[in-house]
>>> print(open('run.txt').read())   # compact mmCIF, C-alpha atoms
# COMPACT_ATOMS: atom_id res chain seq x y z
CA MET A 206 -44.19 52.28 27.55
CA ALA A 207 -46.51 55.28 27.57
CA ALA A 208 -49.73 54.92 25.61
CA PRO A 209 -49.74 57.00 22.38
CA GLY A 210 -52.24 59.82 22.40
CA LYS A 211 -52.29 60.21 26.17
CA LEU A 212 -51.47 63.81 27.07
CA SER A 213 -49.25 64.16 30.11
CA ARG A 214 -47.50 66.92 32.03
CA PHE A 215 -44.29 66.05 33.77
CA ARG A 216 -41.48 67.80 35.59
CA LEU A 217 -38.44 66.14 37.07
CA PRO A 218 -38.12 66.28 40.86
CA PRO A 219 -35.14 68.13 42.40
CA LEU A 220 -31.92 66.40 41.35
CA PRO A 221 -28.18 66.99 41.61
CA THR A 222 -26.94 69.38 38.92
CA ILE A 223 -25.05 68.05 35.92
CA ARG A 224 -21.86 69.48 37.42
CA GLU A 225 -22.58 67.56 40.62
CA ILE A 226 -23.31 64.37 38.64
CA ILE A 227 -19.96 64.72 36.88
CA LYS A 228 -18.23 65.10 40.22
CA LEU A 229 -20.23 62.30 41.88
CA PHE A 230 -19.40 59.72 39.21
CA ARG A 231 -15.95 61.16 38.49
CA LEU A 232 -16.75 61.78 34.85
CA GLN A 233 -14.33 63.44 32.51
CA ALA A 234 -14.77 64.41 28.86
CA VAL A 235 -12.51 62.34 26.60
CA LYS A 236 -10.76 64.66 24.16
CA GLN A 237 -10.01 61.83 21.74
CA LEU A 238 -13.78 61.28 21.40
CA SER A 239 -14.43 65.04 20.99
CA GLN A 240 -16.66 64.94 24.07
CA ASN A 241 -17.89 68.18 25.63
CA PHE A 242 -20.50 68.39 28.39
CA LEU A 243 -23.38 70.88 28.26
CA LEU A 244 -23.79 71.98 31.88
CA ASP A 245 -26.18 74.93 31.62
CA LEU A 246 -29.84 73.81 31.83
CA ARG A 247 -30.91 77.09 30.23
CA LEU A 248 -28.82 76.21 27.18
CA THR A 249 -30.13 72.64 26.96
CA ASP A 250 -33.71 73.93 27.34
CA LYS A 251 -33.08 76.31 24.45
CA ILE A 252 -31.73 73.46 22.30
CA VAL A 253 -34.76 71.27 23.02
CA ARG A 254 -37.18 74.13 22.23
CA LYS A 255 -35.71 74.17 18.71
CA ALA A 256 -37.35 70.76 18.21
CA GLY A 257 -40.79 72.37 18.56
CA ASN A 258 -43.64 71.13 20.72
CA LEU A 259 -42.60 67.81 22.27
CA THR A 260 -45.71 67.31 24.41
CA ASN A 261 -46.63 63.62 24.20
CA ALA A 262 -43.87 63.01 21.62
CA TYR A 263 -41.58 59.99 21.35
CA VAL A 264 -37.96 61.08 21.37
CA TYR A 265 -34.79 59.21 20.43
CA GLU A 266 -31.73 60.89 21.96
CA VAL A 267 -28.29 59.90 20.72
CA GLY A 268 -25.22 60.31 22.91
CA PRO A 269 -26.89 61.72 26.06
CA GLY A 270 -23.63 61.73 28.05
CA PRO A 271 -24.21 62.95 31.62
CA GLY A 272 -27.82 63.82 30.76
CA GLY A 273 -28.03 67.59 30.30
CA ILE A 274 -30.23 67.56 27.20
CA THR A 275 -31.95 64.44 28.58
CA ARG A 276 -33.31 66.46 31.51
CA SER A 277 -34.62 69.18 29.23
CA ILE A 278 -36.35 66.61 27.01
CA LEU A 279 -38.03 64.96 30.00
CA ASN A 280 -39.20 68.35 31.26
CA ALA A 281 -40.85 68.97 27.86
CA SER A 282 -43.65 66.52 28.77
CA VAL A 283 -42.67 63.81 26.27
CA ALA A 284 -44.53 60.51 26.18
CA GLU A 285 -41.30 58.53 26.14
CA LEU A 286 -37.59 59.16 25.77
CA LEU A 287 -35.22 56.49 24.48
CA VAL A 288 -31.51 57.21 24.94
CA VAL A 289 -28.64 55.24 23.41
CA GLU A 290 -25.26 55.68 25.07
CA LYS A 291 -22.09 53.81 24.18
CA ASP A 292 -19.92 55.06 27.06
CA SER A 293 -20.62 52.93 30.15
CA ARG A 294 -19.39 55.72 32.46
CA PHE A 295 -22.61 57.65 31.85
CA ILE A 296 -25.07 54.84 32.52
CA PRO A 297 -25.32 55.29 36.36
CA GLY A 298 -26.15 58.99 36.01
CA LEU A 299 -28.75 58.25 33.36
CA GLN A 300 -30.22 55.52 35.57
CA MET A 301 -30.69 58.17 38.26
CA LEU A 302 -32.79 60.15 35.78
CA SER A 303 -34.76 57.04 34.87
CA ASP A 304 -35.55 56.41 38.53
CA ALA A 305 -36.77 60.01 38.83
CA ALA A 306 -38.99 59.65 35.75
CA PRO A 307 -40.75 56.25 36.04
CA GLY A 308 -41.97 54.94 32.70
CA LYS A 309 -40.57 57.92 30.81
CA LEU A 310 -36.93 57.08 30.14
CA ARG A 311 -35.51 53.95 28.53
CA ILE A 312 -31.74 53.50 28.50
CA VAL A 313 -29.88 51.42 25.93
CA HIS A 314 -26.19 50.80 26.47
CA GLY A 315 -25.13 50.50 22.85
CA ASP A 316 -23.81 52.13 19.69
CA VAL A 317 -26.08 54.50 17.74
CA LEU A 318 -24.37 53.38 14.52
CA THR A 319 -25.67 49.82 14.94
CA PHE A 320 -28.76 50.25 17.13
CA LYS A 321 -32.03 49.23 15.43
CA ILE A 322 -34.62 51.91 16.12
CA GLU A 323 -37.29 50.64 13.70
CA LYS A 324 -39.28 48.75 16.33
CA ALA A 325 -38.50 50.85 19.38
CA PHE A 326 -41.71 52.92 19.26
CA PRO A 327 -45.40 51.98 18.70
CA GLU A 328 -46.47 51.05 15.17
CA SER A 329 -49.36 53.50 15.49
CA LEU A 330 -46.89 56.39 15.20
CA LYS A 331 -45.99 55.54 11.60
CA ARG A 332 -47.08 57.93 8.87
CA GLN A 333 -47.04 57.84 5.08
CA TRP A 334 -43.94 59.55 3.70
CA GLU A 335 -45.94 62.29 1.99
CA ASP A 336 -47.89 63.06 5.19
CA ASP A 337 -46.84 65.45 7.97
CA PRO A 338 -43.87 64.23 10.07
CA PRO A 339 -44.70 61.65 12.77
CA ASN A 340 -44.66 62.51 16.47
CA VAL A 341 -41.15 61.03 16.66
CA HIS A 342 -38.04 63.17 17.08
CA ILE A 343 -34.29 62.61 17.04
CA ILE A 344 -32.32 64.89 19.34
CA GLY A 345 -28.59 64.66 19.88
CA ASN A 346 -25.45 66.49 20.91
CA LEU A 347 -23.01 65.14 18.34
CA PRO A 348 -19.24 65.34 18.80
CA PHE A 349 -17.20 65.54 15.61
CA SER A 350 -15.86 62.02 16.13
CA VAL A 351 -19.26 60.46 15.38
CA SER A 352 -21.20 63.18 13.54
CA THR A 353 -20.00 62.45 9.99
CA PRO A 354 -20.59 58.66 9.88
CA LEU A 355 -23.90 59.05 11.74
CA ILE A 356 -25.24 61.77 9.44
CA ILE A 357 -24.23 59.73 6.36
CA LYS A 358 -25.99 56.69 7.85
CA TRP A 359 -29.14 58.72 8.50
CA LEU A 360 -29.09 60.21 5.00
CA GLU A 361 -29.02 56.69 3.59
CA ASN A 362 -31.85 55.76 5.97
CA VAL A 363 -33.85 58.71 4.62
CA SER A 364 -33.31 57.55 1.02
CA GLN A 365 -34.45 54.01 1.92
CA ARG A 366 -37.10 55.14 4.43
CA ASP A 367 -35.83 52.81 7.12
CA GLY A 368 -34.07 53.16 10.47
CA PRO A 369 -35.48 56.20 12.33
CA PHE A 370 -37.37 57.09 9.15
CA ALA A 371 -39.42 53.92 9.09
CA TYR A 372 -41.95 56.04 11.03
CA GLY A 373 -42.07 58.69 8.28
CA ARG A 374 -40.22 61.97 7.86
CA THR A 375 -38.81 61.99 11.39
CA GLN A 376 -37.49 65.40 12.43
CA MET A 377 -33.95 65.84 13.76
CA THR A 378 -32.63 68.50 16.11
CA LEU A 379 -28.87 68.17 16.38
CA THR A 380 -26.05 70.12 17.95
CA PHE A 381 -22.60 70.08 16.41
CA GLN A 382 -19.54 71.00 18.44
CA LYS A 383 -16.51 72.76 17.04
CA GLU A 384 -13.46 72.53 19.25
CA VAL A 385 -11.41 75.69 19.20
CA ALA A 386 -9.99 77.74 22.08
CA GLU A 387 -13.56 77.64 23.36
CA VAL A 388 -16.23 75.16 22.33
CA ASP A 389 -18.76 76.50 19.81
CA VAL A 390 -22.12 74.72 19.61
CA GLY A 391 -24.41 75.03 16.60
CA VAL A 392 -28.01 73.76 16.51
CA VAL A 393 -29.57 72.42 13.29
CA HIS A 394 -33.20 71.34 12.82
CA LEU A 395 -33.80 69.01 9.86
CA THR A 396 -36.96 67.58 8.30
CA PRO A 397 -36.63 65.19 5.31
CA LEU A 398 -38.25 66.36 2.09
CA ALA A 399 -41.29 64.52 0.78
CA GLN A 400 -39.52 64.29 -2.60
CA PRO A 401 -35.70 64.25 -2.89
CA ARG A 402 -34.03 66.94 -4.98
CA ILE A 403 -31.83 64.30 -6.63
CA GLN A 404 -33.70 61.26 -7.92
CA GLN A 405 -30.74 58.86 -7.92
CA PRO A 406 -29.62 55.99 -5.64
CA PHE A 407 -27.96 57.12 -2.43
CA LYS A 408 -24.68 55.29 -3.12
CA LEU A 409 -24.32 57.05 -6.48
CA VAL A 410 -24.97 60.48 -4.98
CA GLU A 411 -22.61 59.73 -2.10
CA LYS A 412 -19.83 58.72 -4.51
CA VAL A 413 -20.15 61.89 -6.59
CA VAL A 414 -20.23 64.16 -3.52
CA GLN A 415 -17.31 62.39 -1.82
CA ASN A 416 -15.16 62.65 -4.93
CA VAL A 417 -15.93 66.34 -5.37
CA PHE A 418 -15.09 67.23 -1.77
CA GLN A 419 -11.95 65.15 -1.41
CA PHE A 420 -10.17 68.09 -3.06
CA ARG A 421 -12.25 70.80 -1.43
CA ARG A 422 -9.75 73.58 -2.16
CA LYS A 423 -9.26 72.61 -5.80
CA HIS A 424 -11.47 73.21 -8.81
CA CYS A 425 -14.33 70.71 -8.96
CA HIS A 426 -12.96 68.96 -12.07
CA ARG A 427 -10.07 67.65 -9.96
CA GLY A 428 -12.28 65.50 -7.71
CA LEU A 429 -14.76 64.58 -10.44
CA GLY A 430 -11.89 63.19 -12.50
CA MET A 431 -11.38 60.51 -9.86
CA LEU A 432 -14.70 58.97 -10.92
CA PHE A 433 -13.02 57.67 -14.06
CA PRO A 434 -10.10 55.33 -14.87
CA GLU A 435 -6.84 57.10 -15.62
CA ALA A 436 -6.82 56.13 -19.32
CA GLN A 437 -10.12 57.92 -19.98
CA ARG A 438 -10.07 60.45 -17.14
CA LEU A 439 -9.48 63.65 -19.08
CA GLU A 440 -12.01 62.88 -21.81
CA SER A 441 -14.74 61.50 -19.51
CA THR A 442 -14.40 64.33 -16.99
CA GLY A 443 -14.78 66.84 -19.78
CA LYS A 444 -17.92 65.12 -21.05
CA LEU A 445 -19.43 64.94 -17.55
CA LEU A 446 -18.91 68.66 -16.92
CA GLU A 447 -20.04 69.69 -20.41
CA TRP A 448 -23.20 67.58 -20.41
CA ALA A 449 -24.06 68.62 -16.84
CA ASP A 450 -23.41 72.28 -17.78
CA VAL A 451 -21.06 72.82 -14.81
CA ASP A 452 -18.13 75.24 -14.88
CA PRO A 453 -15.01 73.11 -14.22
CA THR A 454 -13.32 75.99 -12.37
CA LEU A 455 -15.96 76.16 -9.65
CA ARG A 456 -14.76 74.99 -6.24
CA PRO A 457 -16.76 72.34 -4.33
CA ARG A 458 -18.35 74.84 -1.94
CA GLN A 459 -19.60 76.88 -4.91
CA LEU A 460 -21.63 74.00 -6.34
CA SER A 461 -25.39 74.20 -5.78
CA ILE A 462 -27.90 71.38 -5.31
CA SER A 463 -28.86 71.97 -8.95
CA HIS A 464 -25.23 71.42 -9.98
CA PHE A 465 -25.02 68.17 -8.03
CA LYS A 466 -28.33 67.00 -9.49
CA SER A 467 -27.04 67.50 -13.02
CA LEU A 468 -23.71 65.82 -12.23
CA CYS A 469 -25.43 62.81 -10.66
CA ASP A 470 -27.91 62.48 -13.52
CA ILE A 471 -25.17 62.55 -16.16
CA TYR A 472 -22.89 60.23 -14.17
CA ARG A 473 -25.80 57.77 -13.88
CA LYS A 474 -26.18 57.79 -17.70
CA MET A 475 -22.46 57.20 -18.11
CA CYS A 476 -22.64 54.28 -15.64
CA ASP A 477 -25.58 52.80 -17.53
CA GLU A 478 -23.50 52.90 -20.73
CA ASP A 479 -20.46 51.38 -19.01
CA PRO A 480 -21.57 48.77 -16.40
CA ASN A 481 -18.04 48.64 -14.90
CA LEU A 482 -17.77 52.38 -14.28
CA PHE A 483 -19.65 52.63 -10.98
CA ALA A 484 -17.46 49.93 -9.41
CA TYR A 485 -14.28 51.82 -10.36
CA ASN A 486 -12.17 52.99 -7.41
CA PHE A 487 -9.26 55.28 -8.21
CA ARG A 488 -7.42 54.29 -5.02
CA GLU A 489 -7.38 50.66 -6.08
CA GLU A 490 -6.03 51.61 -9.51
CA SER A 491 -3.38 53.78 -7.86
CA LYS A 492 -2.28 50.88 -5.64
CA LYS A 493 -2.05 48.52 -8.63
CA ASN A 494 0.02 51.06 -10.59
CA LYS A 495 2.39 51.52 -7.67
CA SER A 496 2.71 47.77 -7.28
CA LYS A 497 3.51 47.33 -10.99
CA LYS A 498 6.08 50.12 -10.80
CA GLN A 499 7.71 48.50 -7.79
CA ASP A 500 7.79 45.12 -9.57
CA LYS A 501 9.55 46.70 -12.56
CA GLU A 502 12.12 48.35 -10.31
CA ASP A 503 12.72 45.04 -8.54
CA ASP A 504 13.17 43.30 -11.90
CA ARG A 505 15.71 45.91 -13.04
CA GLU A 506 17.61 45.57 -9.77
CA SER A 507 17.69 41.77 -10.14
CA TYR A 508 18.98 42.14 -13.72
CA ARG A 509 21.89 44.34 -12.55
CA LEU A 510 22.82 41.76 -9.95
>>> encode(input="run.txt", output="structure tokens")
Amino acid sequence: MAAPGKLSRFRLPPLPTIREIIKLFRLQAVKQLSQNFLLDLRLTDKIVRKAGNLTNAYVYEVGPGPGGITRSILNASVAELLVVEKDSRFIPGLQMLSDAAPGKLRIVHGDVLTFKIEKAFPESLKRQWEDDPPNVHIIGNLPFSVSTPLIIKWLENVSQRDGPFAYGRTQMTLTFQKEVAEVDVGVVHLTPLAQPRIQQPFKLVEKVVQNVFQFRRKHCHRGLGMLFPEAQRLESTGKLLEWADVDPTLRPRQLSISHFKSLCDIYRKMCDEDPNLFAYNFREESKKNKSKKQDKEDDRESYRL
């Protein structure tokens, strides 16, 4: 492990291209996993530059695949790069990079959704949450198949200040791939706020947002209604929207952070007044109602016989 604070300049020696690595190890992108390989080193260099100055930084790369972005990160003079790759097909190619960069690259064959990053880097890197971000970065090329659960996991980590954010407000530079006739790649750079815009527990905020967006093309009152049992749905939804001062005819994409803050704050008050409300799940109620209806139909059929 490289010593923190030690400035180093490093460039990878001549290596086979990513295209040659793919051919050498007979790699093929798996469509079911939404995999797409980034082959152009100029593109991967550009993505890594979006992370800012990585000189002497500690970087956690998720889903390195054949190692395109991995090469660009190593060429950015990082102190150490930790990669976590679930697909065993990519490990030999990554090991080739590790051999070419002694002491710089650590490879973990595992799942980013379960990997514990909290103790992977030196304790000295940790910063107070209100301070500037630590010299720790997350970089990843995320296929759609894993992006949603991983982002939700990281958002919860941010709220609890654990996982990658046990070091402080760790910055993230992520690419998201959209599969159409050609593959579009978007790059997003994220830094957690020192103070959250919504001062409520993550699970409560997640529940409100999920319910709103489950009917993304409908008016927002449609999804918000699913927060409440059927018997009180109309009345409680009306109160929530009125007290939060939100227009019920707005569509989910029209709601601002301020709207969501108000909705979460009011929903929290309603949950405090009714301790059973937060545990309510409209899908469970729907299943019970269908089961009761089926039982009644079965009883009527038995009576006829």
>>> residues_around(input="run.txt", residues="range 322-328 of chain A", least_positions_apart="2", cutoff="6 Å", atoms="all atoms listed in the file", output="list in words")
Leu330, Lys331, Gly368 and Pro369 of chain A
>>> residues_around(input="run.txt", residues="Ile343 in chain A", least_positions_apart="5", cutoff="8 Å", atoms="only C-alpha atoms", output="PyMOL selection string")
chain A and resi 264-267+375-379
>>> closest_residue(input="run.txt", among="A:Lys255, A:His464, A:Arg374, A:Arg438", to="Leu360 in chain A", atoms="all atoms listed in the file")
A:Arg374
>>> closest_residue(input="run.txt", among="A:His342, A:Lys309, A:His314, A:Arg332", to="Lys291 in chain A", atoms="all atoms listed in the file")
A:His314
>>> residues_around(input="run.txt", residues="Gly270 in chain A", least_positions_apart="4", cutoff="8 Å", atoms="only C-alpha atoms", output="list of chain:residue names")
A:Phe242, A:Glu290, A:Asp292, A:Phe295
>>> residues_around(input="run.txt", residues="His424 in chain A", least_positions_apart="6", cutoff="12 Å", atoms="only C-alpha atoms", output="number ranges by chain")
A: 416-418, 430, 446, 451-460
>>> closest_residue(input="run.txt", among="A:Val363, A:Leu217, A:Leu246, A:Ile296", to="Pro406 in chain A", atoms="all atoms listed in the file")
A:Val363
>>> closest_residue(input="run.txt", among="A:Val413, A:Ala256, A:Gly272, A:Phe433", to="Leu232 in chain A", atoms="all atoms listed in the file")
A:Gly272
>>> closest_residue(input="run.txt", among="A:Tyr472, A:Phe320, A:Trp334, A:Tyr263", to="Gln400 in chain A", atoms="all atoms listed in the file")
A:Trp334
>>> closest_residue(input="run.txt", among="A:Glu335, A:Asp450, A:Asp477, A:Glu411", to="Leu398 in chain A", atoms="all atoms listed in the file")
A:Glu335
>>> residues_around(input="run.txt", residues="Pro307 in chain A", least_positions_apart="3", cutoff="12 Å", atoms="all atoms listed in the file", output="list in words")
Met206, Ala207, Phe215, Arg216, Leu217, Pro218, Leu279, Ala284, Glu285, Leu286, Gln300, Met301, Leu302, Ser303, Asp304, Leu310 and Arg311 of chain A
>>> atom_distance(input="run.txt", atom1="CA of Lys492 in chain A", atom2="CA of Leu468 in chain A")
26.9 Å
